[in-house]
Structures are given as C-alpha cells and as structure tokens.
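Asks: Got a file for you: data.txt, compact mmCIF, C-alpha atoms.
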```txt
# COMPACT_ATOMS: atom_id res chain seq x y z
CA MET A 22 11.68 10.82 -38.87
CA MET A 23 14.93 10.47 -36.99
CA ARG A 24 13.71 12.93 -34.40
CA ILE A 25 10.52 10.98 -33.88
CA LEU A 26 12.51 7.81 -33.42
CA LEU A 27 14.69 9.56 -30.89
CA ALA A 28 11.61 10.77 -29.06
CA VAL A 29 10.30 7.21 -28.87
CA ILE A 30 13.57 5.88 -27.54
CA PHE A 31 13.78 8.73 -25.08
CA SER A 32 10.26 8.23 -23.77
CA SER A 33 10.75 4.49 -23.34
CA THR A 34 13.97 5.00 -21.43
CA ILE A 35 12.19 7.31 -19.01
CA THR A 36 9.79 4.60 -17.95
CA THR A 37 12.33 1.81 -17.85
CA GLY A 38 15.12 4.07 -16.71
CA CYS A 39 14.70 3.11 -13.09
CA ALA A 40 15.67 -0.46 -13.90
CA THR A 41 18.98 0.54 -15.45
CA LEU A 42 20.28 2.50 -12.46
CA PRO A 43 23.16 0.86 -10.63
CA PRO A 44 21.65 -1.85 -8.43
CA LYS A 45 21.25 -1.15 -4.73
CA ASP A 46 23.30 -2.93 -2.12
CA TYR A 47 21.08 -5.63 -0.64
CA THR A 48 23.63 -7.04 1.82
CA ASP A 49 21.80 -5.76 4.91
CA PHE A 50 18.43 -6.56 3.41
CA ASN A 51 19.35 -10.17 2.67
CA ALA A 52 21.03 -10.57 6.05
CA ALA A 53 17.81 -9.50 7.79
CA ASN A 54 16.01 -12.45 6.12
CA ILE A 55 12.52 -11.01 6.58
CA ARG A 56 9.19 -12.78 6.03
CA SER A 57 6.75 -10.21 7.38
CA ILE A 58 6.41 -6.44 7.10
CA LEU A 59 4.50 -4.10 9.39
CA ILE A 60 3.21 -1.02 7.57
CA VAL A 61 2.79 1.79 10.08
CA PRO A 62 0.70 4.96 9.66
CA VAL A 63 2.14 7.49 7.26
CA VAL A 64 3.80 10.77 8.31
CA ASN A 65 2.42 13.78 6.52
CA ASN A 66 4.69 16.65 5.53
CA SER A 67 2.29 17.88 2.86
CA VAL A 68 -0.45 20.47 3.27
CA ASP A 69 -3.26 18.00 2.60
CA VAL A 70 -4.63 16.62 5.88
CA THR A 71 -6.48 13.73 4.26
CA ALA A 72 -3.42 12.40 2.41
CA PRO A 73 -1.96 9.98 5.00
CA ASP A 74 -5.03 7.80 5.55
CA TYR A 75 -5.92 7.75 1.87
CA PHE A 76 -2.37 6.85 0.98
CA LEU A 77 -2.16 4.16 3.66
CA SER A 78 -4.87 2.22 1.83
CA THR A 79 -2.59 1.79 -1.22
CA VAL A 80 0.45 0.21 0.45
CA SER A 81 -0.65 -3.30 1.55
CA VAL A 82 -1.35 -4.65 -1.93
CA PRO A 83 2.04 -3.97 -3.56
CA VAL A 84 4.00 -5.13 -0.49
CA ALA A 85 1.99 -8.36 -0.17
CA GLU A 86 2.27 -8.92 -3.92
CA HIS A 87 6.01 -8.67 -3.38
CA GLY A 88 5.83 -11.91 -1.40
CA TYR A 89 5.77 -10.79 2.22
CA TYR A 90 3.20 -11.28 4.93
CA VAL A 91 1.71 -7.83 5.48
CA PHE A 92 0.09 -7.06 8.81
CA PRO A 93 -3.49 -5.76 8.52
CA VAL A 94 -2.88 -1.99 8.21
CA ASN A 95 -6.11 -0.77 9.69
CA LEU A 96 -5.95 -3.12 12.66
CA ALA A 97 -2.29 -2.24 13.25
CA LYS A 98 -3.21 1.46 13.15
CA ARG A 99 -5.95 0.97 15.76
CA ILE A 100 -3.69 -1.08 18.04
CA LEU A 101 -1.00 1.62 17.89
CA GLU A 102 -3.64 4.22 18.75
CA ASP A 103 -4.70 2.14 21.75
CA ASP A 104 -1.06 2.08 22.81
CA GLY A 105 -0.95 5.88 22.79
CA LEU A 106 0.67 6.16 19.37
CA SER A 107 -2.16 7.88 17.55
CA ASP A 108 0.21 10.37 15.91
CA ALA A 109 2.19 8.93 12.98
CA ASN A 110 5.16 11.11 13.96
CA LEU A 111 5.26 9.33 17.32
CA VAL A 112 5.13 5.95 15.61
CA HIS A 113 7.97 6.89 13.28
CA SER A 114 10.13 8.06 16.16
CA ALA A 115 9.47 4.87 18.16
CA SER A 116 12.15 2.22 17.85
CA ALA A 117 11.66 -0.27 15.01
CA THR A 118 12.69 -3.08 17.32
CA LYS A 119 9.95 -2.23 19.82
CA LEU A 120 7.30 -1.90 17.10
CA CYS A 121 8.28 -5.27 15.67
CA GLN A 122 8.12 -6.86 19.11
CA LEU A 123 4.61 -5.52 19.60
CA PHE A 124 3.35 -7.32 16.48
CA GLY A 125 5.88 -10.10 16.03
CA ALA A 126 6.99 -8.52 12.75
CA ASP A 127 10.36 -8.90 11.02
CA ALA A 128 10.55 -5.37 9.59
CA VAL A 129 8.72 -2.03 9.65
CA LEU A 130 7.92 0.05 6.59
CA TYR A 131 7.88 3.78 7.29
CA ILE A 132 6.52 6.08 4.59
CA SER A 133 6.40 9.88 4.66
CA ILE A 134 4.42 12.04 2.30
CA GLU A 135 6.58 15.00 1.29
CA ARG A 136 4.26 16.45 -1.32
CA TRP A 137 0.61 15.87 -2.25
CA ASP A 138 -0.54 18.93 -4.15
CA ALA A 139 -1.99 20.35 -7.35
CA LYS A 140 -0.43 23.54 -8.70
CA TYR A 141 -1.95 25.65 -11.41
CA MET A 142 0.60 26.58 -14.05
CA LEU A 143 -0.27 28.51 -17.17
CA LEU A 144 -3.11 26.53 -18.77
CA THR A 145 -2.28 23.32 -17.06
CA THR A 146 -2.27 21.86 -13.58
CA VAL A 147 0.57 19.78 -12.26
CA VAL A 148 -0.44 17.21 -9.66
CA THR A 149 2.52 16.00 -7.59
CA VAL A 150 2.97 13.18 -5.13
CA GLU A 151 6.33 12.80 -3.42
CA LEU A 152 7.06 9.96 -1.01
CA THR A 153 9.97 8.63 0.99
CA TYR A 154 10.09 4.96 1.94
CA SER A 155 12.25 3.38 4.60
CA LEU A 156 12.31 -0.26 5.68
CA LYS A 157 13.92 -1.06 9.03
CA SER A 158 14.90 -4.42 10.46
CA GLY A 159 13.13 -5.44 13.65
CA VAL A 160 16.28 -7.11 14.93
CA SER A 161 18.96 -4.46 14.36
CA GLY A 162 16.65 -1.47 13.95
CA ASP A 163 18.77 -0.43 10.95
CA VAL A 164 17.50 0.81 7.60
CA ILE A 165 17.68 -2.14 5.19
CA TRP A 166 16.10 -0.43 2.17
CA GLU A 167 15.02 3.11 1.27
CA GLU A 168 13.64 4.94 -1.70
CA LYS A 169 12.28 8.33 -2.67
CA ARG A 170 9.73 8.82 -5.45
CA THR A 171 8.18 11.82 -7.09
CA GLN A 172 5.31 11.30 -9.52
CA THR A 173 3.63 14.10 -11.41
CA TYR A 174 0.60 14.29 -13.61
CA SER A 175 -0.89 16.91 -15.93
CA PRO A 176 -4.19 16.50 -17.73
CA GLN A 177 -3.83 15.26 -21.31
CA ASN A 178 -4.98 17.72 -23.90
CA SER A 179 -6.10 16.37 -27.23
CA SER A 180 -4.43 17.89 -30.26
CA GLY A 181 -6.02 19.34 -33.39
CA GLY A 182 -9.06 21.52 -33.81
CA HIS A 183 -9.43 25.23 -33.55
CA PRO A 184 -6.61 26.89 -31.57
CA ILE A 185 -9.02 28.94 -29.44
CA ALA A 186 -11.15 25.89 -28.75
CA MET A 187 -8.03 24.02 -27.76
CA LEU A 188 -7.03 26.76 -25.33
CA ILE A 189 -10.46 26.64 -23.75
CA THR A 190 -10.30 22.86 -23.42
CA MET A 191 -6.87 23.13 -21.86
CA ALA A 192 -8.09 25.71 -19.38
CA ILE A 193 -11.08 23.57 -18.43
CA ASN A 194 -8.94 20.45 -18.04
CA ALA A 195 -6.51 22.39 -15.88
CA ALA A 196 -9.31 23.77 -13.73
CA VAL A 197 -10.84 20.33 -13.25
CA ALA A 198 -7.49 18.80 -12.34
CA LYS A 199 -6.96 21.60 -9.82
CA ALA A 200 -10.42 21.33 -8.30
CA ILE A 201 -10.52 17.54 -7.97
CA PRO A 202 -6.95 16.33 -8.26
CA ASN A 203 -6.83 12.58 -8.54
CA TYR A 204 -3.92 11.57 -6.33
CA MET A 205 -4.62 7.88 -5.95
CA PRO A 206 -3.41 6.65 -9.37
CA LEU A 207 -0.25 8.70 -8.88
CA ALA A 208 0.32 7.27 -5.42
CA LYS A 209 -0.20 3.73 -6.71
CA GLN A 210 2.20 4.37 -9.55
CA ALA A 211 4.80 5.72 -7.11
CA ASN A 212 4.45 2.53 -5.02
CA LYS A 213 4.68 0.33 -8.06
CA ILE A 214 7.96 1.86 -9.17
CA ALA A 215 9.36 2.12 -5.64
CA PHE A 216 8.92 -1.62 -5.02
CA LEU A 217 9.94 -2.71 -8.53
CA TYR A 218 12.59 -5.43 -8.47
CA PRO A 219 15.07 -5.63 -10.07
CA GLY A 220 15.04 -1.86 -9.84
CA PRO A 221 14.60 0.58 -6.98
CA GLY A 222 12.68 -1.98 -4.89
CA PHE A 223 13.80 -4.86 -2.69
CA PRO A 224 14.00 -8.62 -3.45
CA TYR A 225 10.86 -10.76 -3.41
CA GLY A 226 9.73 -12.44 -0.23
CA PRO A 227 9.01 -16.08 0.62
CA TYR A 228 5.47 -16.16 -0.80
CA ILE A 229 6.62 -15.33 -4.32
CA LYS A 230 9.88 -17.21 -4.29
CA GLY A 231 9.82 -20.08 -6.74
CA LYS A 232 6.23 -19.39 -7.75
CA LYS A 233 5.82 -16.44 -10.03
CA ALA A 234 9.14 -14.65 -9.96
CA ASP A 235 11.37 -14.40 -13.02
CA PRO A 236 13.76 -17.34 -13.34
CA GLU A 237 16.78 -15.13 -12.85
CA ILE A 238 15.34 -13.65 -9.67
CA VAL A 239 14.76 -17.13 -8.28
CA ASP A 240 18.33 -18.04 -9.17
CA GLU A 241 19.56 -14.94 -7.42
CA LYS A 242 17.58 -15.89 -4.32
CA LYS A 243 18.99 -19.40 -4.38
CA SER A 244 22.55 -18.20 -4.62
CA ASP A 245 21.87 -15.82 -1.77
CA SER A 246 20.66 -18.57 0.49
CA LEU A 247 23.65 -20.71 -0.40
CA LYS A 248 26.08 -18.07 0.76
CA MET B 6 4.57 21.18 -32.14
CA LYS B 7 3.34 18.06 -33.89
CA LEU B 8 6.51 16.26 -32.96
CA LYS B 9 5.94 17.09 -29.31
CA VAL B 10 2.45 15.71 -29.47
CA VAL B 11 3.65 12.50 -31.10
CA SER B 12 6.36 11.99 -28.54
CA PHE B 13 3.88 12.73 -25.77
CA ILE B 14 1.51 10.07 -27.08
CA PHE B 15 4.36 7.59 -27.17
CA PHE B 16 5.30 8.55 -23.67
CA ILE B 17 1.78 7.99 -22.38
CA SER B 18 1.39 4.69 -24.22
CA SER B 19 4.67 3.44 -22.83
CA LEU B 20 3.45 4.42 -19.39
CA LEU B 21 0.27 2.43 -20.00
CA LEU B 22 2.29 -0.58 -21.11
CA PHE B 23 4.33 -0.22 -17.99
CA SER B 24 1.33 -0.31 -15.69
CA SER B 25 -0.69 -2.92 -17.53
CA CYS B 26 0.70 -6.00 -15.78
CA ALA B 27 -2.43 -6.48 -13.70
CA GLN B 28 -2.15 -10.15 -12.75
CA THR B 29 -1.95 -10.47 -9.00
CA HIS B 30 -0.85 -13.20 -6.66
CA TYR B 31 -3.81 -12.74 -4.31
CA ALA B 32 -7.50 -12.10 -4.94
CA TRP B 33 -7.78 -8.57 -3.50
CA ASN B 34 -11.18 -7.75 -5.01
CA GLY B 35 -10.91 -4.04 -4.22
CA TYR B 36 -9.53 -4.30 -0.68
CA ASP B 37 -7.55 -1.08 -1.15
CA GLN B 38 -10.65 0.70 -2.43
CA ALA B 39 -12.70 -0.58 0.53
CA LEU B 40 -10.08 0.75 2.93
CA TYR B 41 -9.91 4.07 1.08
CA ASP B 42 -13.70 4.45 1.24
CA HIS B 43 -13.60 3.56 4.93
CA TYR B 44 -11.10 6.34 5.63
CA LYS B 45 -13.02 8.76 3.43
CA SER B 46 -16.38 8.16 5.09
CA PRO B 47 -15.83 6.42 8.44
CA GLY B 48 -19.54 6.79 9.17
CA GLU B 49 -20.40 4.16 6.56
CA ARG B 50 -18.98 1.38 8.68
CA GLU B 51 -21.61 -1.18 7.70
CA GLN B 52 -20.63 -0.84 4.04
CA TYR B 53 -16.98 -1.39 4.88
CA ILE B 54 -17.85 -4.55 6.82
CA GLU B 55 -20.05 -5.78 3.98
CA LYS B 56 -17.23 -5.18 1.47
CA LEU B 57 -14.75 -7.12 3.60
CA LYS B 58 -17.25 -9.96 3.81
CA ILE B 59 -17.61 -10.11 0.03
CA ILE B 60 -13.84 -9.86 -0.48
CA ILE B 61 -13.34 -12.86 1.81
CA GLN B 62 -16.07 -14.87 0.08
CA ARG B 63 -14.56 -14.29 -3.34
CA ALA B 64 -11.02 -14.85 -2.12
CA GLU B 65 -12.01 -18.16 -0.55
CA GLU B 66 -13.63 -19.23 -3.81
CA SER B 67 -10.43 -18.53 -5.73
CA GLY B 68 -8.17 -19.90 -3.01
CA LYS B 69 -5.97 -16.81 -3.20
CA ILE B 70 -6.71 -15.26 0.18
CA PRO B 71 -4.71 -12.07 0.77
CA PRO B 72 -2.75 -11.64 4.02
CA GLY B 73 -4.42 -9.61 6.75
CA ILE B 74 -7.96 -9.81 5.44
CA TYR B 75 -9.30 -12.26 8.06
CA ALA B 76 -7.76 -10.15 10.81
CA GLU B 77 -9.29 -6.91 9.48
CA TYR B 78 -12.67 -8.57 9.26
CA GLY B 79 -12.29 -10.11 12.71
CA TYR B 80 -11.49 -6.71 14.14
CA THR B 81 -14.82 -5.29 12.91
CA PHE B 82 -16.52 -7.93 15.10
CA TYR B 83 -14.19 -7.07 17.96
CA GLU B 84 -15.20 -3.40 17.67
CA SER B 85 -18.89 -4.18 17.73
CA GLY B 86 -18.48 -6.42 20.78
CA ASN B 87 -19.00 -9.73 19.01
CA HIS B 88 -15.94 -11.32 20.55
CA LYS B 89 -16.77 -14.90 19.60
CA GLN B 90 -16.83 -14.09 15.88
CA ALA B 91 -13.74 -11.92 16.29
CA ILE B 92 -11.80 -14.83 17.78
CA GLN B 93 -12.92 -17.10 14.94
CA TYR B 94 -11.47 -14.78 12.30
CA PHE B 95 -8.31 -14.02 14.26
CA GLN B 96 -7.82 -17.79 14.45
CA LYS B 97 -8.31 -18.13 10.68
CA GLU B 98 -5.63 -15.50 10.08
CA SER B 99 -3.33 -17.27 12.48
CA ASP B 100 -3.88 -20.69 10.85
CA LEU B 101 -3.28 -19.39 7.35
CA TRP B 102 -0.27 -17.15 8.07
CA PRO B 103 2.33 -18.36 10.58
CA GLU B 104 3.85 -14.85 10.58
CA SER B 105 0.66 -13.53 12.20
CA ARG B 106 0.54 -16.08 15.03
CA TYR B 107 2.13 -13.94 17.70
CA PHE B 108 -0.07 -10.93 16.98
CA MET B 109 -3.24 -12.97 16.55
CA ALA B 110 -2.64 -14.83 19.82
CA LYS B 111 -2.52 -11.39 21.46
CA MET B 112 -5.74 -10.29 19.74
CA ILE B 113 -7.48 -13.53 20.73
CA ARG B 114 -6.43 -13.03 24.37
CA ASN B 115 -7.77 -9.46 24.23
CA ALA B 116 -11.05 -10.61 22.72
CA GLN B 117 -11.43 -13.35 25.36
CA LEU B 118 -10.78 -10.82 28.11
CA GLN B 119 -13.23 -8.31 26.66
CA GLY B 120 -15.77 -11.08 26.14
CA LYS B 121 -15.56 -12.08 29.79
CA GLN B 122 -16.00 -8.47 30.89
CA THR B 123 -19.07 -7.90 28.74
CA ASN B 124 -20.54 -11.13 30.05
CA LYS B 125 -19.98 -9.94 33.62
CA ASN B 126 -21.39 -6.48 32.94
CA ALA B 127 -24.43 -7.89 31.22
CA SER B 128 -24.68 -10.49 34.01
CA GLY B 129 -25.63 -13.26 31.68
CA SER B 130 -28.07 -11.38 29.49
CA LYS B 131 -27.11 -10.74 25.88
CA GLN B 132 -28.35 -7.16 25.81
CA ASN B 133 -25.10 -5.25 25.68
CA THR B 134 -23.21 -7.25 23.11
CA GLY B 135 -24.27 -4.99 20.26
CA GLU B 136 -22.36 -1.93 21.41
CA LYS B 137 -19.21 -1.29 23.26
```
Could I get this structure in the form of structure tokens?
Replies:
Amino acid sequence: MMRILLAVIFSSTITTGCATLPPKDYTDFNAANIRSILIVPVVNNSVDVTAPDYFLSTVSVPVAEHGYYVFPVNLAKRILEDDGLSDANLVHSASATKLCQLFGADAVLYISIERWDAKYMLLTTVVTVELTYSLKSGVSGDVIWEEKRTQTYSPQNSSGGHPIAMLITMAINAAVAKAIPNYMPLAKQANKIAFLYPGPGFPYGPYIKGKKADPEIVDEKKSDSLK
Amino acid sequence: MKLKVVSFIFFISSLLLFSSCAQTHYAWNGYDQALYDHYKSPGEREQYIEKLKIIIQRAEESGKIPPGIYAEYGYTFYESGNHKQAIQYFQKESDLWPESRYFMAKMIRNAQLQGKQTNKNASGSKQNTGEK
C-alpha cells in the first residue's frame, strides 16, 4: 500500500515537477516589455525532413494564448522567403533586431528541432521530440528567455490476459508506433510545458493581463510595472 | 509487476489531468490543424482557404478572433492576385491588432503596387486577375 502511495506521489511530482524548479530570472524579459512575438521558421537538426513545417503549425496557438500578438506564421515564412531567407538556418543566423524591424515585432522566437524520431526498443517503440526555444529582444538582440524540452512517448499496453497474447499486442503496438509515429501530440505537449508560467515559460503578455491570469500572476505583473 | 502497472496508470491519468485545461482565450477552431494540413498537402490550397474562411466566420461570431488570422486569409487573396480583397483583410488585421500595423501597412502597399501592375498588364481587362 505504502509503495503504491509513493508511486502516486512520484508520478504526480513528475508532471508538476517543472513548476517547482527554481524560478528563472525574468529581469531581461521584463525590461524588454514586449507585446508582439514573431515566430520564425524552425531549424531542423533531426533526420525527419517534414518535421519543421509540421511543427511550425503548433507554435502560434500557445504563444498567442500566452497573451502576445503573434505574427501570422505562414505569411511571415513567405515574406522571409521573398527576402531570400528561405532556409531556416539563414533566418536563425540573421540578427534579431533586423528581423524585428522587418515586421515591426518586439521579439523573435527561434525554435530548433533537435530530435524527432521513433526508435524500436525491445517490444516497444519510443517516440521522442526534443526542442530548444530561444526568445530574443528586437531592441537589444539579446536572449530574454530560453528553454529546452524533451518529450517521449511509448504505446500503452493493456495489462492482464494471456502472457503470449500480451506479448503479441505489445509487438503490434510497437510496430504501429514505429510505422506511423504520432509526433504532433508530443510536440504540443512540449510547447505547453515550455511556455507554462509560473514554470519554465515566460510571464503573460498584455492580452491576458488582468483578464484570465491567476490573481497572483496579475499582482506580480503590477508590482513589476511599478518598479 | 502489478505495482508498475498501477503506477503507470496513475502517471498517465495525471498527465491527462495536466493537459485537460482546454479553455482558450481565442476561438482557434482548428487553425493549427488547417496549417498542418496545408503544409502536409500544399496542393489542396482551396481547402486551406475554405478552412480559414470558416475559422474567421466562427471567430467573428464568438468575438474571440485570434491574432494573425485575417492576415493569413488576406495573403491567400494576395497570392491568387485578388489584391482588393487582400487589402481588405490586411486592413482588418491592422484595425484589430495595433502591433500588426507596421507590417500590415507594408503588405497593403505591396498589394496596391501589385494591383496596379496587374491592371497595367491586363490593360483594363479583368482576365489575368485569377493567376499570378
């Protein structure tokens, strides 16, 4: 019984664990006083060529829901292409200040995909998504927030039943997960945790302030603006 | 073994709890999915445009219009050479979101310029407006 209880406590601390880490230093972030964020095309360091565009489609929602104006990602991508920046690596090496000037943005969000793969491991498949996030100020060009997230997934195998039948089910589940790995929920989960505030994320923007945010977050914002 | 299974179930259920806060500030109506589908099958452009149209309709009904959506929709008109409509939607984005004003002013100027050029090329006739 005790061990079960421990397991419960342990599993709940894994999910909430990110909130109990020492808080990040938001001095530079708050000083930048941003209202709008430009999300630029994603750099791909994984082996999956389709990953960056697919992943790009998941970023606008959580950033906008965080209270910032988010520039239309697809339009921004096309405009950058027209300006000769069709390669995400080129965009990421361009100065944040210049990018912001091009769009009238306050900050640029750079994301790189480090891993986006499905590996077969003894009767199961582990699907992994690893991402690095970096937000740079359009005024100073400095990094004002960064985060790295790794999310993994293995197919759930139901318990009980005949052991051989279970092994077969596990093998099938693993094969399916390997053949058609579903990266999108993982990527969305990674974003969700990365932007979580208080937590690894950054403070809410002007469109959430005073509306839906937790009372203590609003208080924090107020005291920040009084400084 | 059983213990592991129990703890795994708890782990998954706590994960579900964690991700269940689905209430959003804006009415997205599957914008991310529309964009994903667009990148997956760029050939089905008409479907993407149709989805954006529906997203905007629904968002306007609920009054929770997400940032960027008017501009994305306007750009589809821009791409197909319908510069008048493009300008209309760029203007809507600009009116709703002051942060977009600088960029939208640029897009509107581009659309006006392109519009003039197509008019010149077509020398008054409306034949070429369908394609770039």
Asks: Do you have the atom CA of Glu168 of chain A-atom CA of Tyr154 of chain A distance handy?
Replies: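 It comes out at 5.1 Å.
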Asks: Neighbouring residues of Ser114 of chain A were defined as those with any atom within 12 Å, considering only C-alpha atoms; residues of the same chain fewer than 2 positions away were excluded. Please report them as a list in words.
Replies: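 Everything that qualifies: Val61, Pro62, Val63, Val64, Leu106, Asp108, Ala109, Asn110, Leu111, Val112, Ser116, Ala117, Thr118, Lys119, Leu120, Tyr131 and Gly162 of chain A.
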Asks: Dump as a VMD selection string the residues of chain A that approach chain B to within 6 Å, counting all atoms listed in the file.
Replies: chain A and resid 28 32 75 78 to 79 86 92 to 93 96 124 to 125
Asks: When you draw a straight line from atom CA of Asn51 of chain A to atom CA of Ile165 of chain A, how long is it in Å?
Replies: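 Between these atoms lies a distance of 8.6 Å.
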Asks: Just to confirm, what's the straight-line distance from atom CA of Ser67 of chain B to atom CA of Leu101 of chain B in Å (one decimal)?
Replies: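 Pair atom CA of Ser67 of chain B / atom CA of Leu101 of chain B returns 14.9 Å.
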Asks: Around (7.2, 1.9, -3.7), as given in the file, which residues come within 9 Å? Count only C-alpha atoms and list them as a list of chain:residue names.
Replies: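 Within the cut-off we find A:Val80, A:Pro83, A:Val84, A:Leu152, A:Thr153, A:Tyr154, A:Glu168, A:Lys169, A:Arg170, A:Ala208, A:Lys209, A:Gln210, A:Ala211, A:Asn212, A:Lys213, A:Ile214, A:Ala215, A:Phe216, A:Leu217, A:Pro221, A:Gly222.
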Asks: Between A:Cys121, A:Tyr89, A:Asp74, A:Ser81, which is the closest to Pro227 of chain A once you count only C-alpha atoms?
Replies: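 Checking each candidate against Pro227 of chain A, we get A:Tyr89 as the closest.
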Asks: Choose the residue, out of B:Lys89, B:Lys97, B:Arg63, B:Lys69, that has the smallest atom-to-atom separation from Gln119 of chain B; count only C-alpha atoms.
Replies: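 Residue with the minimum atom-to-atom distance to Gln119 of chain B: B:Lys89.
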